[in-house]
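**Q** Contents of model20.json (JSON, C-alpha atoms):
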[["chain", "number", "residue", "atom", "x", "y", "z"],
["A", 1202, "MET", "CA", 8.81, -39.99, 22.37],
["A", 1203, "ILE", "CA", 8.37, -42.11, 19.24],
["A", 1204, "VAL", "CA", 4.91, -43.31, 18.30],
["A", 1205, "LEU", "CA", 4.29, -46.08, 15.77],
["A", 1206, "HIS", "CA", 0.83, -46.00, 14.24],
["A", 1207, "ALA", "CA", 0.53, -49.52, 12.89],
["A", 1208, "GLY", "CA", -2.80, -49.12, 11.13],
["A", 1209, "ALA", "CA", -1.62, -46.25, 8.94],
["A", 1210, "GLN", "CA", 2.08, -47.21, 9.02],
["A", 1211, "ASN", "CA", 2.96, -43.69, 10.18],
["A", 1212, "VAL", "CA", 5.83, -42.77, 12.52],
["A", 1213, "GLY", "CA", 5.54, -39.82, 14.86],
["A", 1214, "VAL", "CA", 8.34, -38.08, 16.79],
["A", 1215, "ASN", "CA", 6.80, -36.11, 19.67],
["A", 1216, "LYS", "CA", 3.44, -36.65, 17.91],
["A", 1217, "THR", "CA", 0.81, -38.92, 19.43],
["A", 1218, "ASN", "CA", -1.27, -39.13, 16.23],
["A", 1219, "PRO", "CA", 1.11, -38.91, 13.24],
["A", 1220, "THR", "CA", -0.64, -38.07, 9.99],
["A", 1221, "GLU", "CA", 2.33, -38.53, 7.65],
["A", 1222, "ALA", "CA", 4.73, -41.38, 7.01],
["A", 1223, "LEU", "CA", 7.20, -39.40, 9.19],
["A", 1224, "ASP", "CA", 5.62, -36.68, 11.33],
["A", 1225, "VAL", "CA", 8.10, -34.70, 13.48],
["A", 1226, "ASN", "CA", 7.26, -32.11, 16.11],
["A", 1227, "GLY", "CA", 10.59, -30.38, 16.78],
["A", 1228, "ASN", "CA", 13.96, -29.69, 15.17],
["A", 1229, "ILE", "CA", 15.81, -32.07, 12.86],
["A", 1230, "ASN", "CA", 19.60, -32.55, 12.91],
["A", 1231, "LEU", "CA", 20.72, -34.36, 9.78],
["A", 1232, "ASN", "CA", 24.16, -35.85, 9.14],
["A", 1233, "GLY", "CA", 24.10, -36.98, 5.54],
["A", 1234, "THR", "CA", 21.91, -35.98, 2.60],
["A", 1235, "ILE", "CA", 18.29, -35.70, 1.51],
["A", 1236, "LYS", "CA", 17.03, -37.61, -1.49],
["A", 1237, "ALA", "CA", 13.98, -36.62, -3.53],
["A", 1238, "ASN", "CA", 12.58, -39.48, -5.59],
["A", 1239, "GLY", "CA", 15.86, -41.31, -5.11],
["A", 1240, "MET", "CA", 17.95, -38.33, -6.28],
["A", 1241, "GLN", "CA", 20.22, -36.40, -3.92],
["A", 1242, "GLY", "CA", 20.85, -33.51, -6.30],
["A", 1243, "THR", "CA", 24.13, -31.88, -7.28],
["A", 1244, "ALA", "CA", 26.20, -29.04, -5.82],
["A", 1245, "GLY", "CA", 24.30, -25.73, -5.80],
["A", 1246, "GLN", "CA", 20.87, -27.22, -6.38],
["A", 1247, "VAL", "CA", 17.87, -26.55, -4.12],
["A", 1248, "LEU", "CA", 14.66, -28.42, -3.39],
["A", 1249, "THR", "CA", 11.63, -26.81, -5.02],
["A", 1250, "SER", "CA", 7.98, -27.71, -4.84],
["A", 1251, "THR", "CA", 6.04, -29.07, -7.80],
["A", 1252, "GLY", "CA", 2.76, -28.76, -5.92],
["A", 1253, "ALA", "CA", 2.52, -32.53, -5.49],
["A", 1254, "GLY", "CA", 6.10, -33.16, -4.35],
["A", 1255, "VAL", "CA", 9.65, -31.78, -4.47],
["A", 1256, "VAL", "CA", 12.45, -31.95, -7.01],
["A", 1257, "TRP", "CA", 16.04, -30.74, -7.16],
["A", 1258, "ASN", "CA", 16.52, -27.63, -9.32],
["A", 1259, "ASN", "CA", 19.30, -25.20, -10.13],
["A", 1260, "MET", "CA", 19.06, -21.80, -8.43],
["A", 1261, "SER", "CA", 17.83, -19.17, -10.87],
["A", 1262, "ASN", "CA", 20.15, -16.36, -11.94],
["A", 1263, "GLU", "CA", 17.18, -14.40, -13.28],
["A", 1264, "PHE", "CA", 16.78, -10.79, -12.15],
["A", 1265, "LYS", "CA", 20.02, -10.79, -10.12],
["A", 1266, "ASN", "CA", 21.56, -7.92, -12.10],
["A", 1267, "VAL", "CA", 20.20, -4.41, -11.55],
["A", 1268, "ARG", "CA", 20.31, -1.04, -13.28],
["A", 1269, "GLN", "CA", 19.05, 1.93, -11.27],
["A", 1270, "ILE", "CA", 17.94, 5.14, -12.99],
["A", 1271, "TYR", "CA", 17.03, 8.40, -11.26],
["A", 1272, "THR", "CA", 17.54, 12.14, -11.59],
["A", 1273, "THR", "CA", 19.44, 14.47, -9.30],
["A", 1274, "GLY", "CA", 18.02, 17.59, -10.95],
["A", 1275, "THR", "CA", 14.62, 19.05, -11.76],
["A", 1276, "SER", "CA", 14.19, 17.23, -15.10],
["A", 1277, "PRO", "CA", 13.31, 13.55, -15.66],
["A", 1278, "GLN", "CA", 16.18, 11.17, -16.42],
["A", 1279, "GLY", "CA", 15.97, 9.17, -19.64],
["A", 1280, "TYR", "CA", 17.83, 5.90, -20.19],
["A", 1281, "ASN", "CA", 18.03, 3.34, -22.99],
["A", 1282, "PHE", "CA", 18.67, -0.22, -21.86],
["A", 1283, "ILE", "CA", 19.91, -2.81, -24.36],
["A", 1284, "VAL", "CA", 18.93, -6.37, -23.44],
["A", 1285, "PRO", "CA", 22.13, -8.40, -22.93],
["A", 1286, "ALA", "CA", 22.87, -11.72, -24.58],
["A", 1287, "GLY", "CA", 21.16, -14.70, -22.97],
["A", 1288, "VAL", "CA", 18.41, -12.60, -21.31],
["A", 1289, "THR", "CA", 14.82, -13.50, -22.21],
["A", 1290, "ARG", "CA", 12.90, -11.68, -19.44],
["A", 1291, "VAL", "CA", 13.39, -8.40, -17.59],
["A", 1292, "MET", "CA", 11.62, -6.94, -14.57],
["A", 1293, "VAL", "CA", 11.12, -3.18, -14.53],
["A", 1294, "GLU", "CA", 10.12, -1.31, -11.36],
["A", 1295, "LEU", "CA", 8.89, 2.28, -11.49],
["A", 1296, "TRP", "CA", 8.31, 4.91, -8.80],
["A", 1297, "GLY", "CA", 6.53, 8.18, -9.61],
["A", 1298, "GLY", "CA", 7.98, 11.36, -8.12],
["A", 1299, "GLY", "CA", 6.71, 12.71, -4.80],
["A", 1300, "GLY", "CA", 4.44, 15.77, -4.72],
["A", 1301, "GLY", "CA", 5.48, 19.11, -3.23],
["A", 1302, "GLY", "CA", 4.23, 20.42, 0.11],
["A", 1303, "ASN", "CA", 2.06, 23.49, 0.62],
["A", 1304, "THR", "CA", 0.25, 25.37, 3.37],
["A", 1305, "GLY", "CA", -2.54, 22.75, 3.33],
["A", 1306, "GLY", "CA", -0.19, 19.89, 4.29],
["A", 1307, "GLY", "CA", 2.36, 17.48, 2.88],
["A", 1308, "GLY", "CA", 2.63, 16.28, -0.72],
["A", 1309, "ALA", "CA", 1.53, 12.75, -1.71],
["A", 1310, "GLY", "CA", 3.80, 9.83, -2.51],
["A", 1311, "GLY", "CA", 4.18, 8.62, -6.08],
["A", 1312, "ASN", "CA", 2.64, 5.38, -7.35],
["A", 1313, "TYR", "CA", 4.65, 2.18, -7.80],
["A", 1314, "ARG", "CA", 4.48, -0.09, -10.83],
["A", 1315, "ALA", "CA", 6.35, -3.32, -11.59],
["A", 1316, "ALA", "CA", 6.18, -5.50, -14.68],
["A", 1317, "ILE", "CA", 7.94, -8.54, -16.13],
["A", 1318, "PHE", "CA", 8.45, -8.40, -19.90],
["A", 1319, "PRO", "CA", 9.50, -11.15, -22.31],
["A", 1320, "VAL", "CA", 12.41, -9.79, -24.38],
["A", 1321, "VAL", "CA", 14.99, -10.81, -26.94],
["A", 1322, "PRO", "CA", 18.72, -10.04, -26.70],
["A", 1323, "GLY", "CA", 19.63, -6.75, -28.35],
["A", 1324, "ALA", "CA", 16.16, -5.21, -27.88],
["A", 1325, "LEU", "CA", 15.92, -1.56, -26.80],
["A", 1326, "ILE", "CA", 13.99, -0.65, -23.63],
["A", 1327, "SER", "CA", 13.28, 3.09, -23.17],
["A", 1328, "ILE", "CA", 12.97, 4.31, -19.59],
["A", 1329, "ALA", "CA", 12.20, 7.68, -17.98],
["A", 1330, "ALA", "CA", 12.71, 8.27, -14.24],
["A", 1331, "ALA", "CA", 10.50, 11.03, -12.82],
["A", 1332, "SER", "CA", 11.49, 14.36, -11.39],
["A", 1333, "ALA", "CA", 10.33, 15.50, -7.96],
["A", 1334, "GLY", "CA", 7.42, 17.82, -7.24],
["A", 1335, "LEU", "CA", 8.41, 21.19, -5.76],
["A", 1336, "GLY", "CA", 7.12, 22.76, -2.55],
["A", 1337, "VAL", "CA", 5.39, 26.13, -2.49],
["A", 1338, "VAL", "CA", 7.46, 29.28, -2.00],
["A", 1339, "THR", "CA", 5.88, 32.61, -1.16],
["A", 1340, "GLY", "CA", 7.03, 35.87, 0.29],
["A", 1341, "ASN", "CA", 10.27, 37.40, -1.24],
["A", 1342, "LEU", "CA", 12.57, 34.38, -0.95],
["A", 1343, "VAL", "CA", 15.54, 34.21, -3.30],
["A", 1344, "GLY", "CA", 14.29, 32.97, -6.67],
["A", 1345, "GLY", "CA", 10.81, 34.44, -6.31],
["A", 1346, "ASN", "CA", 7.46, 32.83, -5.62],
["A", 1347, "ARG", "CA", 6.63, 29.30, -6.78],
["A", 1348, "GLN", "CA", 3.50, 27.15, -6.75],
["A", 1349, "ALA", "CA", 3.62, 23.58, -5.45],
["A", 1350, "THR", "CA", 3.82, 21.00, -8.24],
["A", 1351, "ASN", "CA", 2.92, 17.33, -8.69],
["A", 1352, "GLY", "CA", 5.62, 14.70, -8.88],
["A", 1353, "GLY", "CA", 6.55, 13.58, -12.38],
["A", 1354, "ASN", "CA", 5.68, 10.25, -14.00],
["A", 1355, "SER", "CA", 8.16, 7.39, -14.50],
["A", 1356, "SER", "CA", 7.63, 5.19, -17.55],
["A", 1357, "VAL", "CA", 8.97, 2.27, -19.56],
["A", 1358, "SER", "CA", 8.46, 1.29, -23.20],
["A", 1359, "VAL", "CA", 9.10, -2.29, -24.30],
["A", 1360, "SER", "CA", 8.24, -3.44, -27.83],
["A", 1361, "GLY", "CA", 5.38, -0.94, -28.11],
["A", 1362, "THR", "CA", 3.95, -1.56, -24.63],
["A", 1363, "VAL", "CA", 4.16, 1.53, -22.41],
["A", 1364, "LEU", "CA", 3.57, 1.43, -18.65],
["A", 1365, "ALA", "CA", 3.88, 4.30, -16.17],
["A", 1366, "ALA", "CA", 3.88, 5.10, -12.47],
["A", 1367, "VAL", "CA", 2.14, 8.44, -11.87],
["A", 1368, "GLY", "CA", 3.67, 10.99, -9.49],
["A", 1369, "GLY", "CA", 2.09, 12.08, -6.22],
["A", 1370, "GLY", "CA", -0.21, 15.09, -6.08],
["A", 1371, "ALA", "CA", 1.00, 18.40, -4.66],
["A", 1372, "ALA", "CA", -0.71, 19.85, -1.61],
["A", 1373, "THR", "CA", -2.88, 22.94, -2.09],
["A", 1374, "ASN", "CA", -3.13, 26.00, 0.15],
["A", 1375, "THR", "CA", -5.97, 24.30, 2.07],
["A", 1376, "LEU", "CA", -5.55, 20.52, 1.62],
["A", 1377, "PRO", "CA", -2.73, 17.96, 1.67],
["A", 1378, "GLY", "CA", -1.64, 16.22, -1.52],
["A", 1379, "VAL", "CA", -3.54, 13.10, -2.55],
["A", 1380, "SER", "CA", -2.45, 10.00, -4.42],
["A", 1381, "ILE", "CA", -3.34, 10.38, -8.10],
["A", 1382, "LYS", "CA", -5.36, 7.47, -9.42],
["A", 1383, "GLU", "CA", -4.02, 6.45, -12.79],
["A", 1384, "ASP", "CA", -5.76, 4.81, -15.72],
["A", 1385, "LEU", "CA", -4.25, 1.35, -15.56],
["A", 1386, "VAL", "CA", -3.28, 0.12, -18.99],
["A", 1387, "THR", "CA", -4.18, -3.53, -19.53],
["A", 1388, "PRO", "CA", -0.95, -5.09, -20.81],
["A", 1389, "PRO", "CA", -0.74, -8.10, -23.13],
["A", 1390, "ALA", "CA", -1.36, -11.48, -21.49],
["A", 1391, "ASN", "CA", 2.35, -12.37, -21.55],
["A", 1392, "ILE", "CA", 3.26, -9.38, -19.33],
["A", 1393, "SER", "CA", 2.63, -9.64, -15.59],
["A", 1394, "THR", "CA", 2.25, -6.38, -13.65],
["A", 1395, "TYR", "CA", 1.87, -5.13, -10.08],
["A", 1396, "TYR", "CA", 0.56, -1.73, -8.98],
["A", 1397, "LEU", "CA", 0.49, 0.05, -5.61],
["A", 1398, "PRO", "CA", -0.60, 3.69, -5.11],
["A", 1399, "GLY", "CA", 1.39, 6.11, -3.00],
["A", 1400, "THR", "CA", -0.01, 7.42, 0.26],
["A", 1401, "SER", "CA", -1.55, 10.87, 0.61],
["A", 1402, "GLY", "CA", 0.11, 13.65, 2.60],
["A", 1403, "ASP", "CA", -0.92, 14.61, 6.12],
["A", 1404, "ALA", "CA", -2.97, 17.69, 6.97],
["A", 1405, "VAL", "CA", -2.05, 20.34, 9.51],
["A", 1406, "ALA", "CA", -2.57, 18.94, 13.02],
["A", 1407, "PRO", "CA", -2.23, 20.21, 16.61],
["A", 1408, "LEU", "CA", 0.62, 18.72, 18.64],
["A", 1409, "ALA", "CA", 0.33, 20.15, 22.15],
["A", 1410, "LEU", "CA", -0.22, 23.12, 24.43],
["A", 1411, "TYR", "CA", 2.81, 24.57, 26.12],
["A", 1412, "PHE", "CA", 3.75, 27.64, 28.19],
["A", 1413, "PRO", "CA", 7.01, 29.24, 27.04],
["A", 1414, "THR", "CA", 6.37, 32.56, 28.84],
["A", 1415, "SER", "CA", 5.88, 33.53, 32.44],
["A", 1416, "ASN", "CA", 2.22, 34.26, 31.76],
["A", 1417, "VAL", "CA", 0.95, 30.68, 32.12],
["A", 1418, "ALA", "CA", -2.64, 31.80, 31.74],
["A", 1419, "GLU", "CA", -2.01, 32.30, 28.04],
["A", 1420, "PRO", "CA", -0.80, 28.98, 26.57],
["A", 1421, "ASN", "CA", 0.53, 28.47, 23.06],
["A", 1422, "GLU", "CA", -0.81, 25.92, 20.61],
["A", 1423, "LEU", "CA", 1.85, 23.90, 18.81],
["A", 1424, "TYR", "CA", 1.01, 22.68, 15.28],
["A", 1425, "GLN", "CA", 2.67, 20.56, 12.63],
["A", 1426, "ALA", "CA", 1.96, 21.51, 9.04],
["A", 1427, "GLY", "CA", 1.64, 17.92, 7.76],
["A", 1428, "ASN", "CA", 4.18, 15.28, 6.71],
["A", 1429, "GLY", "CA", 4.59, 14.13, 3.14],
["A", 1430, "GLY", "CA", 3.23, 10.77, 1.95],
["A", 1431, "TYR", "CA", 5.43, 7.94, 0.72],
["A", 1432, "SER", "CA", 5.80, 5.35, -2.01],
["A", 1433, "TYR", "CA", 6.25, 1.57, -1.93],
["A", 1434, "SER", "CA", 9.34, 0.39, 0.04],
["A", 1435, "PHE", "CA", 10.11, 3.94, 1.27],
["A", 1436, "SER", "CA", 7.74, 4.03, 4.24],
["A", 1437, "ASN", "CA", 7.75, 7.15, 6.41],
["A", 1438, "MET", "CA", 10.38, 8.92, 4.28],
["A", 1439, "GLY", "CA", 8.11, 11.82, 3.35],
["A", 1440, "GLY", "CA", 9.36, 15.24, 4.41],
["A", 1441, "SER", "CA", 8.47, 16.38, 7.92],
["A", 1442, "GLY", "CA", 5.97, 19.20, 8.04],
["A", 1443, "GLY", "CA", 7.08, 22.50, 9.50],
["A", 1444, "ILE", "CA", 6.19, 23.11, 13.16],
["A", 1445, "PHE", "CA", 4.78, 26.43, 14.31],
["A", 1446, "TYR", "CA", 3.14, 27.80, 17.42],
["A", 1447, "ASN", "CA", 0.09, 30.03, 17.67],
["A", 1448, "TYR", "CA", 0.29, 32.57, 20.45],
["A", 1449, "THR", "CA", -2.93, 33.33, 22.27],
["A", 1450, "GLN", "CA", -1.45, 36.55, 23.66],
["A", 1451, "SER", "CA", -2.85, 39.55, 21.86],
["A", 1452, "THR", "CA", 0.38, 41.53, 22.28],
["A", 1453, "ILE", "CA", 2.54, 39.00, 20.40],
["A", 1454, "SER", "CA", 2.18, 38.22, 16.68],
["A", 1455, "ASN", "CA", 0.58, 34.85, 15.90],
["A", 1456, "ASN", "CA", 1.88, 31.70, 14.21],
["A", 1457, "GLN", "CA", 5.62, 31.85, 14.64],
["A", 1458, "GLU", "CA", 7.71, 29.23, 12.87],
["A", 1459, "TYR", "CA", 9.46, 26.79, 15.18],
["A", 1460, "LYS", "CA", 10.87, 24.29, 12.67],
["A", 1461, "LYS", "CA", 11.06, 24.53, 8.90],
["A", 1462, "ALA", "CA", 9.44, 22.03, 6.54],
["A", 1463, "GLN", "CA", 11.75, 19.27, 5.30],
["A", 1464, "ASP", "CA", 12.36, 17.84, 1.85],
["A", 1465, "ALA", "CA", 11.43, 14.19, 1.28],
["A", 1466, "GLN", "CA", 14.01, 11.40, 1.39],
["A", 1467, "GLY", "CA", 14.21, 8.13, -0.54],
["A", 1468, "PHE", "CA", 12.34, 7.98, -3.85],
["A", 1469, "GLY", "CA", 8.77, 8.93, -4.67],
["A", 1470, "CYS", "CA", 7.96, 10.57, -1.32],
["A", 1471, "GLY", "CA", 6.09, 13.83, -0.71],
["A", 1472, "GLY", "CA", 7.53, 17.05, 0.70],
["A", 1473, "GLY", "CA", 6.56, 18.41, 4.10],
["A", 1474, "GLY", "CA", 3.91, 21.10, 4.53],
["A", 1475, "THR", "CA", 4.61, 24.63, 5.66],
["A", 1476, "ARG", "CA", 2.90, 27.23, 7.86],
["A", 1477, "SER", "CA", -0.74, 28.31, 7.70],
["A", 1478, "ALA", "CA", -1.87, 30.49, 4.81],
["A", 1479, "GLY", "CA", -2.78, 33.21, 7.31],
["A", 1480, "ILE", "CA", 0.83, 33.82, 8.32],
["A", 1481, "THR", "CA", 2.59, 36.88, 6.97],
["A", 1482, "GLY", "CA", 6.14, 36.80, 5.70],
["A", 1483, "THR", "CA", 8.13, 34.23, 3.76],
["A", 1484, "ARG", "CA", 7.54, 30.50, 3.88],
["A", 1485, "ALA", "CA", 8.72, 27.46, 1.89],
["A", 1486, "ALA", "CA", 7.36, 23.91, 1.96],
["A", 1487, "GLY", "CA", 9.41, 20.78, 1.41],
["A", 1488, "ASN", "CA", 10.15, 19.37, -2.03],
["A", 1489, "GLY", "CA", 9.18, 15.82, -2.92],
["A", 1490, "SER", "CA", 11.84, 13.24, -3.77],
["A", 1491, "PRO", "CA", 12.38, 12.14, -7.38],
["A", 1492, "GLY", "CA", 11.01, 8.98, -8.88],
["A", 1493, "MET", "CA", 13.14, 6.02, -9.87],
["A", 1494, "ALA", "CA", 13.31, 3.12, -12.30],
["A", 1495, "MET", "CA", 15.05, -0.21, -11.76],
["A", 1496, "VAL", "CA", 15.73, -2.81, -14.44],
["A", 1497, "ARG", "CA", 16.38, -6.33, -13.18],
["A", 1498, "PHE", "CA", 17.71, -8.96, -15.57]]
Let me see whether you can do it: turn the structure in this file into structure tokens.
**A**
Amino acid sequence: MIVLHAGAQNVGVNKTNPTEALDVNGNINLNGTIKANGMQGTAGQVLTSTGAGVVWNNMSNEFKNVRQIYTTGTSPQGYNFIVPAGVTRVMVELWGGGGGGNTGGGGAGGNYRAAIFPVVPGALISIAAASAGLGVVTGNLVGGNRQATNGGNSSVSVSGTVLAAVGGGAATNTLPGVSIKEDLVTPPANISTYYLPGTSGDAVAPLALYFPTSNVAEPNELYQAGNGGYSYSFSNMGGSGGIFYNYTQSTISNNQEYKKAQDAQGFGCGGGGTRSAGITGTRAAGNGSPGMAMVRF
């Protein structure tokens, strides 16, 4: 159906009341070219909006190259980036390290920070990628006891401006780890930034009742010790909390471990929680995952 609206000089295709010079409701199959303001553009160009119309522009090569910095150990990873020739802006993304798990739940995810800096070729950019927070260890495990720790901070320094992404908080023996609110530094007006906090860890939670023994009158309660939180773009990669069951039978010891806590995956995610503080014997919560820095230029 083609409708000609003589008063407004509009043409509609499958439109009974066209509001534009050409108003199409449906797909368009074009054999030929598209001209913008009489120009058909050159090879490799794309149409971009000016707000009031469209023009042909070259596709940007900005930020297509990437350097990734992270640690595989327990210490932060430093890196000095030298701005290459022809580069006038860089984007730096930062992830704080994930917090360690504990008996109160999972560790929190680290914060995320991104910024675009104006730079000059040959300039030095100093970067530190955060280490991971460690999960609690108690009981006579190899290496001795250890308290849960927060994730480390990732940071970047460009021409005297320092920005950081704070690591996630460790869980305590009674509460899951929480996202650590950072004091946001107001950068100069020529630096654009973006900030997103990590998510907090989960607390211990009941899963189900089940009857593993012949005495069905005495059910067991199944619990999960709390999953770790996560950071931007690494959703649901926090460590799984350990699973344990609580016998109601007085003749069998309580709170037996069914599945161990897991370390976090990805970057900036919290470690899984471990068993209740009332359980005797050894236990170890999951470690967080390290932070990361990415330089795009």
**Q** Which neighbours of region 1304-1308 of chain A fall inside 6 Å, counting all atoms listed in the file, when residues of the same chain fewer than 6 positions from it are skipped, and could you give them as a list in words?
**A**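 Contacts, with the query itself left out: Ala1371, Ala1372, Thr1373, Asn1374, Thr1375, Leu1376, Pro1377, Gly1378, Gly1402, Asp1403, Ala1404, Val1405, Ala1426, Gly1427, Asn1428, Gly1429, Gly1471, Gly1472, Gly1473, Gly1474, Thr1475, Arg1476, Ser1477 and Ala1478 of chain A.
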**Q** CA of Arg1497 (chain A) and CA of Val1288 (chain A), how far apart in Å?
**A**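 Distance between the two atoms: 10.5 Å.
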**Q** Can you tell me, as a list in words, which residues sit within 10 Å of (14.1, -13.7, -24.1) in the file's frame, using all atoms listed in the file?
**A**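 Residues lying no farther than 10 Å from the given point: Val1284, Pro1285, Ala1286, Gly1287, Val1288, Thr1289, Arg1290, Val1291, Phe1318, Pro1319, Val1320, Val1321, Pro1322, Gly1323 and Ala1324 of chain A.
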**Q** Could you work out how far CA of Ala1390 (chain A) lies from CA of Gln1278 (chain A), giving the answer in Å with one decimal?
**A**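 Interatomic distance, CA of Gln1278 (chain A) to CA of Ala1390 (chain A): 29.1 Å.
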**Q** Using all atoms listed in the file, which of the listed residues (A:Met1240, A:Val1359, A:Leu1295, A:Ile1283) sits closest to Ser1434 (chain A)?
**A**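 Using all atoms listed in the file, the shortest distance to Ser1434 (chain A) belongs to A:Leu1295.
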**Q** State, in Å with one decimal place, the distance from CA of Arg1268 (chain A) to CA of Gly1469 (chain A).
**A**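 These atoms are spaced 17.5 Å apart.
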**Q** Nearest residue to Thr1350 (chain A) out of A:Ala1366, A:Ile1328, A:Leu1223, A:Ala1309, using all atoms listed in the file?
**A**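 Distance minimum relative to Thr1350 (chain A) lands on A:Ala1309.
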**Q** Would you compute an axis-aligned box for region 1323-1332 of chain A, covering every atom listed for it in the file with 4 Å of margin on each side, and report centre and edge lengths in Å to one decimal as JSON?
**A**
{"center_x": 15.1, "center_y": 3.8, "center_z": -19.9, "size_x": 17.1, "size_y": 29.1, "size_z": 25.0}
**Q** Could you check which of A:Ser1360, A:Asn1312, A:Ser1432, A:Gln1425 is closest to Gln1463 (chain A), using all atoms listed in the file?
**A**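 Checking each candidate against Gln1463 (chain A), we get A:Gln1425 as the closest.
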**Q** With distances taken over all atoms listed in the file, which residue among A:Thr1339, A:Asn1230, A:Ser1332, A:Asn1258 lies nearest Gly1352 (chain A)?
**A**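 Of all the options, A:Ser1332 lies closest to Gly1352 (chain A).
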**Q** Could I see region 1317-1332 of chain A restored to N, CA and C atoms, set down as an mmCIF file, in the coordinates of the input?
**A**
data_model
loop_
_atom_site.group_PDB
_atom_site.id
_atom_site.type_symbol
_atom_site.label_atom_id
_atom_site.label_comp_id
_atom_site.auth_asym_id
_atom_site.auth_seq_id
_atom_site.Cartn_x
_atom_site.Cartn_y
_atom_site.Cartn_z
ATOM 1 N N ILE A 1317 6.976 -7.602 -15.558
ATOM 2 C CA ILE A 1317 7.940 -8.540 -16.130
ATOM 3 C C ILE A 1317 7.623 -8.684 -17.615
ATOM 4 N N PHE A 1318 8.616 -8.392 -18.451
ATOM 5 C CA PHE A 1318 8.450 -8.400 -19.900
ATOM 6 C C PHE A 1318 9.260 -9.535 -20.532
ATOM 7 N N PRO A 1319 8.681 -10.262 -21.489
ATOM 8 C CA PRO A 1319 9.500 -11.150 -22.310
ATOM 9 C C PRO A 1319 10.287 -10.301 -23.311
ATOM 10 N N VAL A 1320 11.565 -10.597 -23.499
ATOM 11 C CA VAL A 1320 12.410 -9.790 -24.380
ATOM 12 C C VAL A 1320 13.323 -10.701 -25.194
ATOM 13 N N VAL A 1321 13.982 -10.099 -26.154
ATOM 14 C CA VAL A 1321 14.990 -10.810 -26.940
ATOM 15 C C VAL A 1321 16.299 -10.039 -26.798
ATOM 16 N N PRO A 1322 17.426 -10.732 -26.801
ATOM 17 C CA PRO A 1322 18.720 -10.040 -26.700
ATOM 18 C C PRO A 1322 18.879 -8.979 -27.800
ATOM 19 N N GLY A 1323 19.428 -7.846 -27.418
ATOM 20 C CA GLY A 1323 19.630 -6.750 -28.350
ATOM 21 C C GLY A 1323 18.471 -5.784 -28.439
ATOM 22 N N ALA A 1324 17.318 -6.104 -27.837
ATOM 23 C CA ALA A 1324 16.160 -5.210 -27.880
ATOM 24 C C ALA A 1324 16.413 -3.952 -27.058
ATOM 25 N N LEU A 1325 15.780 -2.849 -27.476
ATOM 26 C CA LEU A 1325 15.920 -1.560 -26.800
ATOM 27 C C LEU A 1325 14.730 -1.340 -25.863
ATOM 28 N N ILE A 1326 15.016 -1.003 -24.609
ATOM 29 C CA ILE A 1326 13.990 -0.650 -23.630
ATOM 30 C C ILE A 1326 14.206 0.811 -23.247
ATOM 31 N N SER A 1327 13.191 1.658 -23.469
ATOM 32 C CA SER A 1327 13.280 3.090 -23.170
ATOM 33 C C SER A 1327 12.665 3.366 -21.799
ATOM 34 N N ILE A 1328 13.391 4.068 -20.965
ATOM 35 C CA ILE A 1328 12.970 4.310 -19.590
ATOM 36 C C ILE A 1328 13.083 5.793 -19.271
ATOM 37 N N ALA A 1329 12.137 6.311 -18.492
ATOM 38 C CA ALA A 1329 12.200 7.680 -17.980
ATOM 39 C C ALA A 1329 11.932 7.645 -16.487
ATOM 40 N N ALA A 1330 12.866 8.176 -15.699
ATOM 41 C CA ALA A 1330 12.710 8.270 -14.240
ATOM 42 C C ALA A 1330 12.242 9.672 -13.892
ATOM 43 N N ALA A 1331 11.209 9.775 -13.063
ATOM 44 C CA ALA A 1331 10.500 11.030 -12.820
ATOM 45 C C ALA A 1331 11.294 12.030 -12.002
ATOM 46 N N SER A 1332 10.984 13.289 -12.233
ATOM 47 C CA SER A 1332 11.490 14.360 -11.390
ATOM 48 C C SER A 1332 10.580 14.546 -10.174
#
